[in-house]
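**Q** Here you go, one structure.
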Amino acid sequence: MPQTQDHIVKSFDNSLEQLRQTLVRMGGLAESQLARAIQALSRRDAALAAEVVKGDAEIDRLEQEVSAQAISVLALRQPMAIDLREVVSSLKVSSDIERIGDYAANVAKRSIALSQLPAVKPAYAIPRLARLVQDILKDTLDAYVNRDAERAMEVWRRDEEVDEVYSGLFRELLTYMMEDPRNIGPCTHLLFIAKNVERIGDHATNIAETIHYQVKGTPLVGSRPKGDASSFEVMTPQSEE
Amino acid sequence: MDLQSNGHAARAKIVARDTNVFYGEAQALKHVDLDVLEHSVTALIGPSGCGKSTFLRCLNRMNDTIEGCRVVGDIRLDGSDIYDASLDVVQLRARVGMVFQKPNPFPKSIYDNVSYGPKIHGMGRNRAEMDEIVEESLTRAGLWGEVKDRLTTPGTGLSGGQQQRLCIARAIAVSPEVILMDEPCSALDPIATAKIEELIDELRSNYTIVIVTHSMQQAARVSQKTAFFHLGSLVETGDTTMIFTNPSDERTQGYITGRFG
């Protein structure tokens, strides 16, 4: 297979391998940032949350590194076909991972604020959403490492589940806020956290689409199944009565 | 097909079917089927000895000049068989011009280099008409501005890039329909190469161009269609964009990505 066969110029292979390694490191870091942010949220651990916020700078740095490496391969090697798709994909994937890192840091920031407020019940529903997204992110990054378009497609379809859980959480939070206005503060933070986690799922599906293009050479056609109905949600205190 | 940005319909100018070439006993080209579209640039790529130049030379019967070379197959220019026994090869080569790897101007003046072809084909019956042909050919080849004040100086005194454009002007002078180029830039520096590439792009609106090149980037830059040859066979042909982003054959992929073992 030409894909696995080495280039005649060995240093070309080395540059591509370095690029892959940087991206894999970046993905691993984003995974752990998300895990730690969720841990900080459920344990009300402000110190851990602060570490996560600080840790985002490293992801940003790695994104710069991916860009620099990709640009140097483009300039020095003029990659073609599958190599070209890999280099272009690495740029797209790294910007998705960078956004994922931002969202994880956001979750951590809000969990610092939440840790200073009285605990609310739905804080426990968020880890469930987060676990789902973490699984998806892990599978996406594995699919990237293994150049596995089929697995990427499975991830792409699973995002519908995330959307559904998110919609449910959205409705649940609304009812808590209507129950007692004192819940509005913490619930608003939770709502944003849920949204951040849901967005991470969206970026994972972006990555899945990029993997598909990188491996197959054709863009994914058709629209992704969507399960988030919260944009159309109408709920008033009266309608609850 | 969206490769015609200049408004011409994508019509096949040359149609080659089951083209085989033998050098003595050795078969250099095996069952090649290829359409060359009118007013487009078709690039032939592949490793050395793959048959791309051999195929190019079939298109104006340059292979006739090689001892022991035999061409079997059907090659049609505008529907008529170019290997027909009654066909005048000199006329064919006026319709299908050629530019070679090394610039090879005649040891004559710039003017005579360009006017030589039209003269032997009976074009330009008086000095004024010939002047016009020479000026137009040099203008189309992007050389007029650089040589108009020194038309009587030897063509061999020009720089390599200018000499190659002079050869293109010489090819254009006899009003060909097709121009074959066999690695026209391999002896030129990057600036002269860029000028030739720009020229190829301009010439496309009036001529059909087939170019053999060893530079993958050049094929990607100048052509609309690319054909990949390997071991005498045509492996894959298609839109250049497709060939360089998502080729379907593994051998093409291996070659253009620099993995060919």
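Labels used: A, B, ... for chains in the order of the structure tokens, numbers from 1 for residues in each chain, and numbers from 1 for ligands as shown.
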Run DSSP on the backbone and give me the residues of region 6-178 of chain B it puts in helix (DSSP H, G or I), as a ChimeraX atom specification.

**A** /B:52-58,62-65,89-95,110-120,127-140,144-147,155-157,160-172

**Q** Suppose we keep C-alpha atoms; can you now write the selection as a CSV table (one decimal), in the first residue's frame?

**A**
```
chain,number,residue,atom,x,y,z
B,52,LYS,CA,5.2,9.2,-22.0
B,53,SER,CA,7.7,10.7,-24.5
B,54,THR,CA,7.2,7.8,-26.9
B,55,PHE,CA,3.5,8.5,-26.8
B,56,LEU,CA,4.0,12.2,-27.4
B,57,ARG,CA,6.2,11.5,-30.4
B,58,CYS,CA,3.4,9.3,-31.9
B,62,MET,CA,8.3,11.8,-34.9
B,63,ASN,CA,8.8,8.1,-34.1
B,64,ASP,CA,8.9,7.5,-37.9
B,65,THR,CA,12.4,9.0,-37.8
B,89,VAL,CA,3.9,13.9,-42.8
B,90,VAL,CA,5.3,17.4,-43.4
B,91,GLN,CA,1.8,18.8,-43.4
B,92,LEU,CA,0.9,16.8,-40.3
B,93,ARG,CA,3.9,18.3,-38.4
B,94,ALA,CA,2.8,21.8,-39.5
B,95,ARG,CA,-0.5,21.1,-37.8
B,110,ILE,CA,16.0,35.5,-34.7
B,111,TYR,CA,14.0,36.6,-37.7
B,112,ASP,CA,15.1,33.7,-39.8
B,113,ASN,CA,14.4,31.2,-37.0
B,114,VAL,CA,10.8,32.2,-37.0
B,115,SER,CA,10.3,32.8,-40.7
B,116,TYR,CA,11.9,29.5,-41.7
B,117,GLY,CA,8.8,27.3,-41.2
B,118,PRO,CA,6.3,29.7,-42.9
B,119,LYS,CA,8.7,30.0,-45.8
B,120,ILE,CA,9.0,26.3,-46.5
B,127,ARG,CA,8.3,40.7,-46.9
B,128,ALA,CA,5.4,42.6,-45.3
B,129,GLU,CA,3.4,39.5,-44.7
B,130,MET,CA,6.4,37.6,-43.4
B,131,ASP,CA,7.2,40.6,-41.1
B,132,GLU,CA,3.7,40.3,-39.7
B,133,ILE,CA,4.0,36.5,-39.1
B,134,VAL,CA,7.3,37.0,-37.4
B,135,GLU,CA,6.0,39.8,-35.2
B,136,GLU,CA,2.8,38.0,-34.3
B,137,SER,CA,4.6,34.7,-33.5
B,138,LEU,CA,7.2,36.4,-31.3
B,139,THR,CA,4.4,38.4,-29.6
B,140,ARG,CA,2.4,35.3,-28.8
B,144,TRP,CA,8.6,40.4,-29.1
B,145,GLY,CA,9.3,43.1,-26.6
B,146,GLU,CA,12.7,41.6,-25.7
B,147,VAL,CA,14.0,41.0,-29.3
B,155,GLY,CA,19.0,33.2,-32.1
B,156,THR,CA,21.7,31.3,-30.3
B,157,GLY,CA,22.8,34.6,-28.6
B,160,GLY,CA,18.2,29.8,-22.4
B,161,GLY,CA,14.6,30.9,-21.5
B,162,GLN,CA,14.5,33.3,-24.4
B,163,GLN,CA,15.8,30.6,-26.8
B,164,GLN,CA,13.0,28.3,-25.6
B,165,ARG,CA,10.4,31.0,-26.2
B,166,LEU,CA,12.0,31.6,-29.6
B,167,CYS,CA,11.5,27.8,-30.3
B,168,ILE,CA,7.9,28.2,-29.3
B,169,ALA,CA,7.5,31.2,-31.6
B,170,ARG,CA,9.0,29.1,-34.4
B,171,ALA,CA,6.5,26.4,-33.7
B,172,ILE,CA,3.6,28.9,-33.6
```

**Q** Skip Thr213 (chain B) itself and residues of its chain fewer than 6 positions away, then list as number ranges by chain all residues within 7 Å of it, counting only C-alpha atoms.

**A** B: 44-45, 182-183, 219

**Q** Can you check which residues of chain A have any atom within 6 Å of chain B? Use only C-alpha atoms and format it as a PyMOL selection string.

**A** chain A and resi 2+6-8+80-81+217

**Q** Write a file of the just-selected residues containing C-alpha atoms, as a PDB file, in the first residue's frame.

**A**
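This is the output file again-v9.pdb:
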```
ATOM      1  CA  PRO A   2       1.453   3.366  -0.965  1.00  0.00           C
ATOM      2  CA  ASP A   6       7.902   5.056   2.962  1.00  0.00           C
ATOM      3  CA  HIS A   7       8.848   8.069   0.888  1.00  0.00           C
ATOM      4  CA  ILE A   8      12.015   7.895  -1.160  1.00  0.00           C
ATOM      5  CA  MET A  80       0.606  15.691  -3.120  1.00  0.00           C
ATOM      6  CA  ALA A  81      -2.493  13.510  -2.919  1.00  0.00           C
ATOM      7  CA  GLY A 217     -10.268  11.936  -0.450  1.00  0.00           C
TER       8      GLY A 217
END
```

**Q** Determine, counting only C-alpha atoms, which protein, DNA and RNA residues have an atom within 7 Å of an atom of Met98 (chain B); residues of the same chain fewer than 2 positions away are not included. Present the result as a short mmCIF file (atom, residue, chain, number, x, y, z; two decimals) with N, CA and C atoms, in the first residue's frame.

**A**
```cif
data_model
loop_
_atom_site.label_atom_id
_atom_site.label_comp_id
_atom_site.auth_asym_id
_atom_site.auth_seq_id
_atom_site.Cartn_x
_atom_site.Cartn_y
_atom_site.Cartn_z
N VAL B 96 0.75 19.82 -36.15
CA VAL B 96 1.11 19.39 -34.80
C VAL B 96 2.58 19.74 -34.57
N PHE B 100 11.12 21.12 -27.92
CA PHE B 100 11.92 20.08 -27.27
C PHE B 100 12.48 20.51 -25.93
N ALA B 171 7.54 27.36 -33.52
CA ALA B 171 6.48 26.36 -33.66
C ALA B 171 5.15 27.00 -34.00
N ILE B 179 0.30 21.80 -30.10
CA ILE B 179 1.72 21.96 -29.80
C ILE B 179 2.13 20.88 -28.80
N LEU B 180 3.13 20.10 -29.18
CA LEU B 180 3.65 19.07 -28.29
C LEU B 180 4.89 19.63 -27.61
N MET B 181 4.98 19.46 -26.31
CA MET B 181 6.16 19.98 -25.60
C MET B 181 6.77 18.84 -24.80
#
```

**Q** Nearest to Pro184 (chain B) among B:Val210, B:Leu203, B:Ile14, B:Leu234, with distances taken over only C-alpha atoms: which residue is it?

**A**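 Looking only at the distances to Pro184 (chain B), the closest residue turns out to be B:Val210.
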
**Q** Could you tell me how far CA of Glu197 (chain B) lies from CA of Gly97 (chain B), in Å and to one decimal?

**A**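 Distance reported for this atom pair: 17.3 Å.
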
**Q** Smallest atom-to-atom distance to Gly24 (chain B): which of B:Leu59, B:Val36, B:Val71, B:Leu143, using only C-alpha atoms?

**A**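 Ranked by minimum distance to Gly24 (chain B), first place goes to B:Val71.
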
**Q** Can you measure CA of Val93 (chain A) to CA of Thr210 (chain A) for me? One decimal in Å is fine.

**A**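 Straight-line distance from CA of Val93 (chain A) to CA of Thr210 (chain A) works out to 7.1 Å.
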
**Q** Set the distance at 9 Å and use only C-alpha atoms: which residues neighbour Cys187 (chain A) once local chain neighbours fewer than 2 positions away are removed? I'd like the list as a PDB file with N, CA and C atoms, in the first residue's frame.

**A**
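Result written to out19.pdb:
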```pdb
ATOM      1  N   VAL A 120     -26.242  22.722  43.471  1.00  0.00           N
ATOM      2  CA  VAL A 120     -27.558  22.435  42.885  1.00  0.00           C
ATOM      3  C   VAL A 120     -27.539  21.029  42.288  1.00  0.00           C
ATOM      4  N   PRO A 122     -28.675  19.538  39.423  1.00  0.00           N
ATOM      5  CA  PRO A 122     -28.330  19.142  38.051  1.00  0.00           C
ATOM      6  C   PRO A 122     -26.830  19.075  37.808  1.00  0.00           C
ATOM      7  N   ALA A 123     -26.044  19.573  38.734  1.00  0.00           N
ATOM      8  CA  ALA A 123     -24.599  19.461  38.575  1.00  0.00           C
ATOM      9  C   ALA A 123     -24.207  18.012  38.359  1.00  0.00           C
ATOM     10  N   LEU A 173     -32.871  22.104  33.537  1.00  0.00           N
ATOM     11  CA  LEU A 173     -32.377  23.318  34.187  1.00  0.00           C
ATOM     12  C   LEU A 173     -33.440  24.405  34.210  1.00  0.00           C
ATOM     13  N   LEU A 174     -34.205  24.504  33.140  1.00  0.00           N
ATOM     14  CA  LEU A 174     -35.280  25.510  33.108  1.00  0.00           C
ATOM     15  C   LEU A 174     -36.265  25.286  34.241  1.00  0.00           C
ATOM     16  N   TYR A 176     -35.730  23.882  37.119  1.00  0.00           N
ATOM     17  CA  TYR A 176     -35.149  24.269  38.414  1.00  0.00           C
ATOM     18  C   TYR A 176     -35.197  25.775  38.599  1.00  0.00           C
ATOM     19  N   MET A 177     -34.934  26.480  37.530  1.00  0.00           N
ATOM     20  CA  MET A 177     -34.928  27.941  37.620  1.00  0.00           C
ATOM     21  C   MET A 177     -36.323  28.468  37.911  1.00  0.00           C
ATOM     22  N   ASN A 183     -32.043  29.566  42.178  1.00  0.00           N
ATOM     23  CA  ASN A 183     -31.313  28.600  41.343  1.00  0.00           C
ATOM     24  C   ASN A 183     -30.790  29.205  40.045  1.00  0.00           C
ATOM     25  N   ILE A 184     -31.336  30.381  39.724  1.00  0.00           N
ATOM     26  CA  ILE A 184     -31.013  30.934  38.400  1.00  0.00           C
ATOM     27  C   ILE A 184     -29.509  31.139  38.208  1.00  0.00           C
ATOM     28  N   GLY A 185     -28.854  31.689  39.213  1.00  0.00           N
ATOM     29  CA  GLY A 185     -27.402  31.924  39.119  1.00  0.00           C
ATOM     30  C   GLY A 185     -26.641  30.653  38.785  1.00  0.00           C
ATOM     31  N   HIS A 189     -24.897  29.118  34.987  1.00  0.00           N
ATOM     32  CA  HIS A 189     -23.534  28.601  34.813  1.00  0.00           C
ATOM     33  C   HIS A 189     -23.569  27.179  34.264  1.00  0.00           C
ATOM     34  N   LEU A 190     -24.459  26.363  34.828  1.00  0.00           N
ATOM     35  CA  LEU A 190     -24.542  24.961  34.389  1.00  0.00           C
ATOM     36  C   LEU A 190     -24.994  24.851  32.932  1.00  0.00           C
ATOM     37  N   LEU A 191     -25.920  25.758  32.586  1.00  0.00           N
ATOM     38  CA  LEU A 191     -26.416  25.763  31.215  1.00  0.00           C
ATOM     39  C   LEU A 191     -25.265  26.057  30.237  1.00  0.00           C
ATOM     40  N   PHE A 192     -24.453  27.047  30.604  1.00  0.00           N
ATOM     41  CA  PHE A 192     -23.305  27.364  29.744  1.00  0.00           C
ATOM     42  C   PHE A 192     -22.303  26.212  29.717  1.00  0.00           C
TER      43      PHE A 192
END
```

**Q** Quick one, how far is CA of Ser167 (chain A) from CA of Ile136 (chain A)?

**A**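 According to the coordinates, CA of Ser167 (chain A) and CA of Ile136 (chain A) are separated by 17.7 Å.
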
**Q** Got a sec to tell me which of region 189-230 of chain B DSSP assigns to strand (DSSP E or B), as a PyMOL selection string?

**A** chain B and resi 208-212+225-230

**Q** With distances taken over only C-alpha atoms, which residue among B:Cys185, B:Leu77, B:Val174, B:Ile209 lies nearest Gly124 (chain B)?

**A**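 Once distances to Gly124 (chain B) are computed over only C-alpha atoms, the minimum belongs to B:Val174.
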